[in-house]
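*Asks:* Quick one: this structure, given as structure tokens, is what I'll be asking you about.
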Amino acid sequence: MTREDIVQWCQQYLANLLAVAPESLDPHADFDRLGLDSPLAVSLLIEIEERYGVDLPPEELFENPTLHAVGEYVHQHLRQGVV
């Protein structure tokens, strides 16, 4: 699984929640610009843990608030076998 696969999955997941086209969500834009509030961010964290088995702490999400950063974090932990 590549980082791009993870980013695309995150885009699709959030697009469904926000009722927008996945391609309209810039993976390098801050979550604030994408319209992501705290409840949606928590939902994303839960889904990432369920789908990929990677625990993404909320503080990590807010320190790196882009889909690209989330994809990189999850990808690195999957490659290292750290969950």
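Ligands are numbered from 1 in the order shown, chains are lettered A, B, ... in the order of the structure tokens, and residues start at 1 in each chain.
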Pull the alpha helix (DSSP H) assignments for chain A out of DSSP run on the backbone, and list those residues as a ChimeraX atom specification.
*Replies:* /A:3-18,31-34,38-52,58-63,67-80
*Asks:* Can you tell me, as JSON, numbers by chain, what residues are no more than 9 Å from Met1 (chain A) when counting only C-alpha atoms, ignoring any on the same chain fewer than 5 positions away?
*Replies:* {"A": [6, 75, 78]}
*Asks:* Which neighbours of Glu23 (chain A) fall inside 10 Å, counting only C-alpha atoms, when residues of the same chain fewer than 5 positions from it are skipped, and could you give them as a list in words?
*Replies:*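 Once the nearby chain positions are removed, what remains is Gln8, Gln11, Gln12 and Ala15 of chain A.
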*Asks:* Counting only C-alpha atoms, which of A:Val54, A:Leu14, A:Trp9, A:Val20 gets nearest to Pro39 (chain A)?
*Replies:*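 Of A:Val54, A:Leu14, A:Trp9, A:Val20, the one nearest Pro39 (chain A), counting only C-alpha atoms, is A:Leu14.
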*Asks:* Pick out the residues sitting within 9 Å of Glu72 (chain A), and hand them over as a PyMOL selection string; count only C-alpha atoms, and ignore anything fewer than 2 positions along from it in its own chain.
*Replies:* chain A and resi 3-4+6-7+67-70+74-77
*Asks:* Please produce a file of those selected residues containing all heavy atoms, as a compact mmCIF listing (two decimals), in the first residue's frame.
*Replies:*
# COMPACT_ATOMS: atom_id res chain seq x y z
N ARG A 3 1.52 5.56 0.04
CA ARG A 3 0.99 6.75 0.70
C ARG A 3 -0.15 7.34 -0.12
O ARG A 3 -1.16 7.78 0.42
CB ARG A 3 2.10 7.79 0.89
CG ARG A 3 1.59 9.04 1.61
CD ARG A 3 2.60 10.16 1.62
NE ARG A 3 2.79 10.64 0.27
CZ ARG A 3 3.98 10.76 -0.33
NH1 ARG A 3 5.07 10.46 0.29
NH2 ARG A 3 4.06 11.20 -1.55
N GLU A 4 0.01 7.30 -1.45
CA GLU A 4 -1.03 7.84 -2.32
C GLU A 4 -2.35 7.08 -2.17
O GLU A 4 -3.42 7.68 -2.19
CB GLU A 4 -0.57 7.83 -3.78
CG GLU A 4 0.54 8.82 -4.08
CD GLU A 4 1.92 8.35 -3.58
OE1 GLU A 4 2.13 7.13 -3.40
OE2 GLU A 4 2.77 9.23 -3.34
N ILE A 6 -3.40 5.64 0.54
CA ILE A 6 -3.96 6.07 1.82
C ILE A 6 -4.59 7.45 1.70
O ILE A 6 -5.70 7.69 2.18
CB ILE A 6 -2.88 6.03 2.92
CG1 ILE A 6 -2.38 4.60 3.10
CG2 ILE A 6 -3.41 6.61 4.24
CD1 ILE A 6 -1.10 4.47 3.88
N VAL A 7 -3.89 8.36 1.03
CA VAL A 7 -4.42 9.71 0.84
C VAL A 7 -5.71 9.66 0.04
O VAL A 7 -6.69 10.32 0.39
CB VAL A 7 -3.38 10.63 0.15
CG1 VAL A 7 -4.01 11.94 -0.28
CG2 VAL A 7 -2.19 10.86 1.06
N LEU A 67 -4.27 15.99 4.54
CA LEU A 67 -4.43 14.60 4.13
C LEU A 67 -3.09 13.99 3.74
O LEU A 67 -2.84 12.81 4.00
CB LEU A 67 -5.42 14.50 2.97
CG LEU A 67 -6.86 14.85 3.32
CD1 LEU A 67 -7.72 14.86 2.07
CD2 LEU A 67 -7.42 13.88 4.33
N HIS A 68 -2.24 14.78 3.12
CA HIS A 68 -0.91 14.30 2.73
C HIS A 68 -0.13 13.88 3.97
O HIS A 68 0.50 12.81 4.00
CB HIS A 68 -0.17 15.38 1.96
CG HIS A 68 1.16 14.93 1.46
ND1 HIS A 68 2.31 15.11 2.18
CD2 HIS A 68 1.52 14.28 0.33
CE1 HIS A 68 3.33 14.61 1.52
NE2 HIS A 68 2.88 14.10 0.39
N ALA A 69 -0.16 14.70 5.03
CA ALA A 69 0.56 14.38 6.26
C ALA A 69 -0.02 13.14 6.93
O ALA A 69 0.72 12.30 7.43
CB ALA A 69 0.53 15.58 7.21
N VAL A 70 -1.34 13.02 6.93
CA VAL A 70 -1.97 11.84 7.51
C VAL A 70 -1.55 10.59 6.73
O VAL A 70 -1.18 9.58 7.31
CB VAL A 70 -3.51 11.98 7.51
CG1 VAL A 70 -4.19 10.65 7.81
CG2 VAL A 70 -3.94 13.04 8.51
N VAL A 74 0.50 7.40 8.39
CA VAL A 74 -0.02 6.04 8.35
C VAL A 74 0.91 5.14 7.54
O VAL A 74 1.25 4.03 7.96
CB VAL A 74 -1.45 6.02 7.78
CG1 VAL A 74 -1.94 4.59 7.55
CG2 VAL A 74 -2.41 6.77 8.71
N HIS A 75 1.36 5.61 6.39
CA HIS A 75 2.25 4.83 5.54
C HIS A 75 3.54 4.47 6.27
O HIS A 75 4.00 3.31 6.22
CB HIS A 75 2.54 5.61 4.26
CG HIS A 75 3.35 4.85 3.27
ND1 HIS A 75 4.66 5.18 3.00
CD2 HIS A 75 3.05 3.77 2.51
CE1 HIS A 75 5.13 4.33 2.10
NE2 HIS A 75 4.18 3.47 1.78
N GLN A 76 4.14 5.42 6.95
CA GLN A 76 5.39 5.16 7.68
C GLN A 76 5.18 4.12 8.78
O GLN A 76 6.00 3.24 8.97
CB GLN A 76 5.95 6.44 8.29
CG GLN A 76 6.55 7.39 7.28
CD GLN A 76 7.72 6.76 6.53
OE1 GLN A 76 8.55 6.07 7.11
NE2 GLN A 76 7.78 6.98 5.24
N HIS A 77 4.06 4.22 9.49
CA HIS A 77 3.80 3.26 10.56
C HIS A 77 3.49 1.87 10.01
O HIS A 77 3.88 0.87 10.61
CB HIS A 77 2.68 3.77 11.47
CG HIS A 77 3.17 4.79 12.43
ND1 HIS A 77 3.49 6.08 12.06
CD2 HIS A 77 3.44 4.71 13.75
CE1 HIS A 77 3.93 6.74 13.10
NE2 HIS A 77 3.91 5.93 14.15
*Asks:* In Å, with one decimal, what is the gap from CA of Asn16 (chain A) to CA of Glu49 (chain A)?
*Replies:* 18.1 Å
*Asks:* Extract, using only C-alpha atoms, all DNA, RNA and protein residues at most 9 Å from region 56-58 of chain A, discarding same-chain residues fewer than 2 positions from it, and format them as a ChimeraX atom specification.
*Replies:* /A:41-42,45-46,48-49,54,60-63,70,73-74,83
*Asks:* Report, in Å to a single decimal, how far apart CA of Leu17 (chain A) and CA of Ala29 (chain A) are.
*Replies:* 17.0 Å
